[in-house]
Amino acid sequence: MNLPNTSTERLTQVVHLYLAVADTASGEHEPHERQLAIDLMRRWEPRCDEEAIEAIVDTAYVAARSGYEVDRIVGELREALSFEDRNRLLADLGRIARADGHLTLREAEIIGQIRSAFRRGGEPHPRPEA
């Protein structure tokens, strides 16, 4: 599954959310979390080569040093992603949070806040019967 209108910025936003969740536990980004972010990004954009994916992840790491703009990013992704892709991103956030073997209360809170913000974007409407 690819992000609609995939751009480096959109992919960087996804990784930024990964890092926002991962950072809540230790305050530092662990190498295994970075590798998991790379692996998950490969699934979001399989057309990107390895170097491009690593550059996107590293760009998000650098951007994260100046702070997280989670509310803005979530709002933009809520508009850009389908319901299914938002759920997929939430599942990825859970994987990132558990990368160290456990889910902290703070990580769960951040994911819950993102889930709530995504839901404000609305649930899918039932498709009319054909």
# chains A, B, ... in the order shown; residues from 1 in each chain; ligands from 1

call {"tool": "residues_around", "arguments": {"residues": "range 99-102 of chain A", "least_positions_apart": "3", "cutoff": "7 Å", "atoms": "only C-alpha atoms", "output": "number ranges by chain"}}
result
A: 33, 95-96

call {"tool": "residues_around", "arguments": {"residues": "Ala97 in chain A", "least_positions_apart": "4", "cutoff": "9 Å", "atoms": "only C-alpha atoms", "output": "PDB file with C-alpha atoms, in the first residue's frame"}}
result
ATOM      1  CA  TYR A  18       7.017   6.731  14.759  1.00  0.00           C
ATOM      2  CA  VAL A  21       6.018   7.405  20.045  1.00  0.00           C
ATOM      3  CA  ALA A  22       9.480   5.827  20.383  1.00  0.00           C
ATOM      4  CA  ASP A  23      10.879   8.924  22.078  1.00  0.00           C
ATOM      5  CA  THR A  24       8.295   8.836  24.848  1.00  0.00           C
ATOM      6  CA  ALA A  25       9.956   5.833  26.504  1.00  0.00           C
ATOM      7  CA  GLU A  33      13.732   1.499  16.572  1.00  0.00           C
ATOM      8  CA  ASP A  92       2.776   0.511  13.064  1.00  0.00           C
ATOM      9  CA  LEU A  93       2.913   2.911  16.004  1.00  0.00           C
ATOM     10  CA  GLY A 101       9.754  -5.528  24.336  1.00  0.00           C
ATOM     11  CA  HIS A 102       7.102  -3.576  26.230  1.00  0.00           C
ATOM     12  CA  LEU A 103       4.557  -0.815  25.867  1.00  0.00           C
ATOM     13  CA  THR A 104       4.804   2.006  28.400  1.00  0.00           C
ATOM     14  CA  GLU A 107       3.534   5.363  24.652  1.00  0.00           C
ATOM     15  CA  ALA A 108      -0.016   4.039  24.941  1.00  0.00           C
ATOM     16  CA  ILE A 111      -0.980   6.378  20.445  1.00  0.00           C
TER      17      ILE A 111
END

call {"tool": "residues_around", "arguments": {"residues": "Glu69 in chain A", "least_positions_apart": "6", "cutoff": "12 Å", "atoms": "only C-alpha atoms", "output": "PyMOL selection string"}}
result
chain A and resi 13-14+16-17+19-20+60+63+75-76+114

call {"tool": "write_last_selection", "arguments": {"atoms": "all heavy atoms", "output": "PDB file, in the first residue's frame"}}
result
ATOM      1  N   GLN A  13       6.592  12.594   7.571  1.00  0.00           N
ATOM      2  CA  GLN A  13       5.585  12.780   8.616  1.00  0.00           C
ATOM      3  C   GLN A  13       5.243  11.458   9.300  1.00  0.00           C
ATOM      4  O   GLN A  13       5.086  11.408  10.526  1.00  0.00           O
ATOM      5  CB  GLN A  13       4.316  13.397   8.027  1.00  0.00           C
ATOM      6  CG  GLN A  13       4.470  14.849   7.668  1.00  0.00           C
ATOM      7  CD  GLN A  13       3.221  15.394   7.006  1.00  0.00           C
ATOM      8  OE1 GLN A  13       2.612  14.737   6.168  1.00  0.00           O
ATOM      9  NE2 GLN A  13       2.840  16.598   7.407  1.00  0.00           N
ATOM     10  N   VAL A  14       5.123  10.394   8.513  1.00  0.00           N
ATOM     11  CA  VAL A  14       4.832   9.079   9.091  1.00  0.00           C
ATOM     12  C   VAL A  14       5.956   8.685  10.041  1.00  0.00           C
ATOM     13  O   VAL A  14       5.718   8.271  11.183  1.00  0.00           O
ATOM     14  CB  VAL A  14       4.623   8.021   7.984  1.00  0.00           C
ATOM     15  CG1 VAL A  14       4.581   6.623   8.573  1.00  0.00           C
ATOM     16  CG2 VAL A  14       3.343   8.310   7.209  1.00  0.00           C
ATOM     17  N   HIS A  16       8.024  10.654  11.503  1.00  0.00           N
ATOM     18  CA  HIS A  16       8.011  11.585  12.635  1.00  0.00           C
ATOM     19  C   HIS A  16       7.071  11.069  13.728  1.00  0.00           C
ATOM     20  O   HIS A  16       7.400  11.146  14.918  1.00  0.00           O
ATOM     21  CB  HIS A  16       7.584  12.971  12.147  1.00  0.00           C
ATOM     22  CG  HIS A  16       8.066  14.077  13.004  1.00  0.00           C
ATOM     23  ND1 HIS A  16       9.323  14.615  12.897  1.00  0.00           N
ATOM     24  CD2 HIS A  16       7.455  14.746  14.008  1.00  0.00           C
ATOM     25  CE1 HIS A  16       9.466  15.581  13.786  1.00  0.00           C
ATOM     26  NE2 HIS A  16       8.344  15.686  14.466  1.00  0.00           N
ATOM     27  N   LEU A  17       5.925  10.525  13.340  1.00  0.00           N
ATOM     28  CA  LEU A  17       5.024   9.947  14.340  1.00  0.00           C
ATOM     29  C   LEU A  17       5.631   8.709  14.978  1.00  0.00           C
ATOM     30  O   LEU A  17       5.484   8.495  16.185  1.00  0.00           O
ATOM     31  CB  LEU A  17       3.664   9.620  13.721  1.00  0.00           C
ATOM     32  CG  LEU A  17       2.805  10.818  13.320  1.00  0.00           C
ATOM     33  CD1 LEU A  17       1.446  10.349  12.815  1.00  0.00           C
ATOM     34  CD2 LEU A  17       2.649  11.807  14.458  1.00  0.00           C
ATOM     35  N   LEU A  19       8.729   8.243  15.549  1.00  0.00           N
ATOM     36  CA  LEU A  19       9.728   8.729  16.494  1.00  0.00           C
ATOM     37  C   LEU A  19       9.087   9.388  17.702  1.00  0.00           C
ATOM     38  O   LEU A  19       9.606   9.281  18.818  1.00  0.00           O
ATOM     39  CB  LEU A  19      10.679   9.708  15.797  1.00  0.00           C
ATOM     40  CG  LEU A  19      11.479   9.120  14.636  1.00  0.00           C
ATOM     41  CD1 LEU A  19      12.354  10.185  14.007  1.00  0.00           C
ATOM     42  CD2 LEU A  19      12.312   7.930  15.088  1.00  0.00           C
ATOM     43  N   ALA A  20       7.982  10.070  17.503  1.00  0.00           N
ATOM     44  CA  ALA A  20       7.278  10.695  18.622  1.00  0.00           C
ATOM     45  C   ALA A  20       6.863   9.633  19.633  1.00  0.00           C
ATOM     46  O   ALA A  20       6.969   9.837  20.847  1.00  0.00           O
ATOM     47  CB  ALA A  20       6.065  11.475  18.132  1.00  0.00           C
ATOM     48  N   ALA A  60      13.692  12.657   9.280  1.00  0.00           N
ATOM     49  CA  ALA A  60      12.719  12.729  10.373  1.00  0.00           C
ATOM     50  C   ALA A  60      13.432  12.782  11.721  1.00  0.00           C
ATOM     51  O   ALA A  60      13.005  13.507  12.625  1.00  0.00           O
ATOM     52  CB  ALA A  60      11.763  11.540  10.312  1.00  0.00           C
ATOM     53  N   ALA A  63      14.627  16.334  12.132  1.00  0.00           N
ATOM     54  CA  ALA A  63      13.474  17.200  12.401  1.00  0.00           C
ATOM     55  C   ALA A  63      12.958  16.998  13.824  1.00  0.00           C
ATOM     56  O   ALA A  63      12.532  17.954  14.475  1.00  0.00           O
ATOM     57  CB  ALA A  63      12.366  16.935  11.392  1.00  0.00           C
ATOM     58  N   GLY A  75      -3.135  15.975  11.892  1.00  0.00           N
ATOM     59  CA  GLY A  75      -4.195  16.638  11.123  1.00  0.00           C
ATOM     60  C   GLY A  75      -3.991  16.495   9.631  1.00  0.00           C
ATOM     61  O   GLY A  75      -4.936  16.206   8.881  1.00  0.00           O
ATOM     62  N   GLU A  76      -2.759  16.677   9.184  1.00  0.00           N
ATOM     63  CA  GLU A  76      -2.467  16.544   7.753  1.00  0.00           C
ATOM     64  C   GLU A  76      -2.612  15.099   7.285  1.00  0.00           C
ATOM     65  O   GLU A  76      -3.170  14.846   6.209  1.00  0.00           O
ATOM     66  CB  GLU A  76      -1.072  17.079   7.453  1.00  0.00           C
ATOM     67  CG  GLU A  76      -0.979  18.582   7.599  1.00  0.00           C
ATOM     68  CD  GLU A  76       0.427  19.131   7.390  1.00  0.00           C
ATOM     69  OE1 GLU A  76       1.311  18.391   6.905  1.00  0.00           O
ATOM     70  OE2 GLU A  76       0.647  20.315   7.727  1.00  0.00           O
ATOM     71  N   ILE A 114      -3.320  10.012  19.186  1.00  0.00           N
ATOM     72  CA  ILE A 114      -3.279   9.998  17.721  1.00  0.00           C
ATOM     73  C   ILE A 114      -4.519   9.300  17.175  1.00  0.00           C
ATOM     74  O   ILE A 114      -5.160   9.782  16.241  1.00  0.00           O
ATOM     75  CB  ILE A 114      -1.974   9.345  17.219  1.00  0.00           C
ATOM     76  CG1 ILE A 114      -0.779  10.234  17.594  1.00  0.00           C
ATOM     77  CG2 ILE A 114      -2.029   9.089  15.708  1.00  0.00           C
ATOM     78  CD1 ILE A 114       0.573   9.566  17.394  1.00  0.00           C
TER      79      ILE A 114
END

call {"tool": "residues_around", "arguments": {"residues": "Gln35 in chain A", "least_positions_apart": "3", "cutoff": "12 Å", "atoms": "only C-alpha atoms", "output": "MDAnalysis selection string"}}
result
chainID A and resid 15 18:19 29:32 38:42 50 53:54 57:58 95:96 99

call {"tool": "write_last_selection", "arguments": {"atoms": "N, CA and C atoms", "output": "short mmCIF file (atom, residue, chain, number, x, y, z; two decimals), in the first residue's frame"}}
result
data_model
loop_
_atom_site.label_atom_id
_atom_site.label_comp_id
_atom_site.auth_asym_id
_atom_site.auth_seq_id
_atom_site.Cartn_x
_atom_site.Cartn_y
_atom_site.Cartn_z
N VAL A 15 7.20 8.83 9.59
CA VAL A 15 8.33 8.48 10.44
C VAL A 15 8.38 9.39 11.67
N TYR A 18 6.32 7.88 14.18
CA TYR A 18 7.02 6.73 14.76
C TYR A 18 7.96 7.20 15.86
N LEU A 19 8.73 8.24 15.55
CA LEU A 19 9.73 8.73 16.49
C LEU A 19 9.09 9.39 17.70
N HIS A 29 16.54 7.77 20.67
CA HIS A 29 16.12 6.82 19.65
C HIS A 29 17.11 5.68 19.61
N GLU A 30 16.61 4.50 19.77
CA GLU A 30 17.43 3.30 19.79
C GLU A 30 17.67 2.81 18.36
N PRO A 31 18.83 2.16 18.13
CA PRO A 31 19.11 1.64 16.78
C PRO A 31 18.05 0.66 16.27
N HIS A 32 17.50 -0.18 17.17
CA HIS A 32 16.48 -1.14 16.73
C HIS A 32 15.19 -0.42 16.33
N ILE A 38 12.72 1.96 9.36
CA ILE A 38 13.13 1.71 7.97
C ILE A 38 12.33 0.56 7.38
N ASP A 39 12.20 -0.53 8.13
CA ASP A 39 11.45 -1.70 7.65
C ASP A 39 9.99 -1.35 7.39
N LEU A 40 9.38 -0.59 8.29
CA LEU A 40 7.97 -0.20 8.11
C LEU A 40 7.81 0.75 6.94
N MET A 41 8.77 1.66 6.76
CA MET A 41 8.71 2.59 5.62
C MET A 41 8.79 1.85 4.30
N ARG A 42 9.56 0.80 4.25
CA ARG A 42 9.66 0.00 3.04
C ARG A 42 8.28 -0.52 2.62
N GLU A 50 16.53 1.55 -0.90
CA GLU A 50 16.98 1.53 0.49
C GLU A 50 17.61 2.86 0.92
N ILE A 53 14.91 5.52 1.52
CA ILE A 53 14.17 5.27 2.76
C ILE A 53 15.01 5.68 3.96
N GLU A 54 16.28 5.30 3.95
CA GLU A 54 17.14 5.69 5.07
C GLU A 54 17.27 7.21 5.17
N VAL A 57 14.11 8.52 6.83
CA VAL A 57 14.13 8.25 8.27
C VAL A 57 15.10 9.20 8.96
N ASP A 58 16.27 9.38 8.38
CA ASP A 58 17.26 10.27 8.99
C ASP A 58 16.79 11.72 9.00
N ARG A 95 3.76 -1.22 16.94
CA ARG A 95 4.98 -2.01 16.72
C ARG A 95 6.22 -1.24 17.18
N ILE A 96 6.26 0.04 16.83
CA ILE A 96 7.40 0.87 17.24
C ILE A 96 7.46 0.96 18.76
N ALA A 99 8.89 -2.12 20.32
CA ALA A 99 10.16 -2.57 19.75
C ALA A 99 11.16 -2.96 20.84
#

call {"tool": "select_by_dssp", "arguments": {"residues": "range 30-120 of chain A", "states": "helix (DSSP H, G or I)", "output": "ChimeraX atom specification"}}
result
/A:31-44,50-64,70-80,83-100,105-119

call {"tool": "closest_residue", "arguments": {"among": "A:Phe118, A:Arg86, A:Pro46, A:Arg34", "to": "Arg72 in chain A", "atoms": "only C-alpha atoms"}}
result
A:Phe118
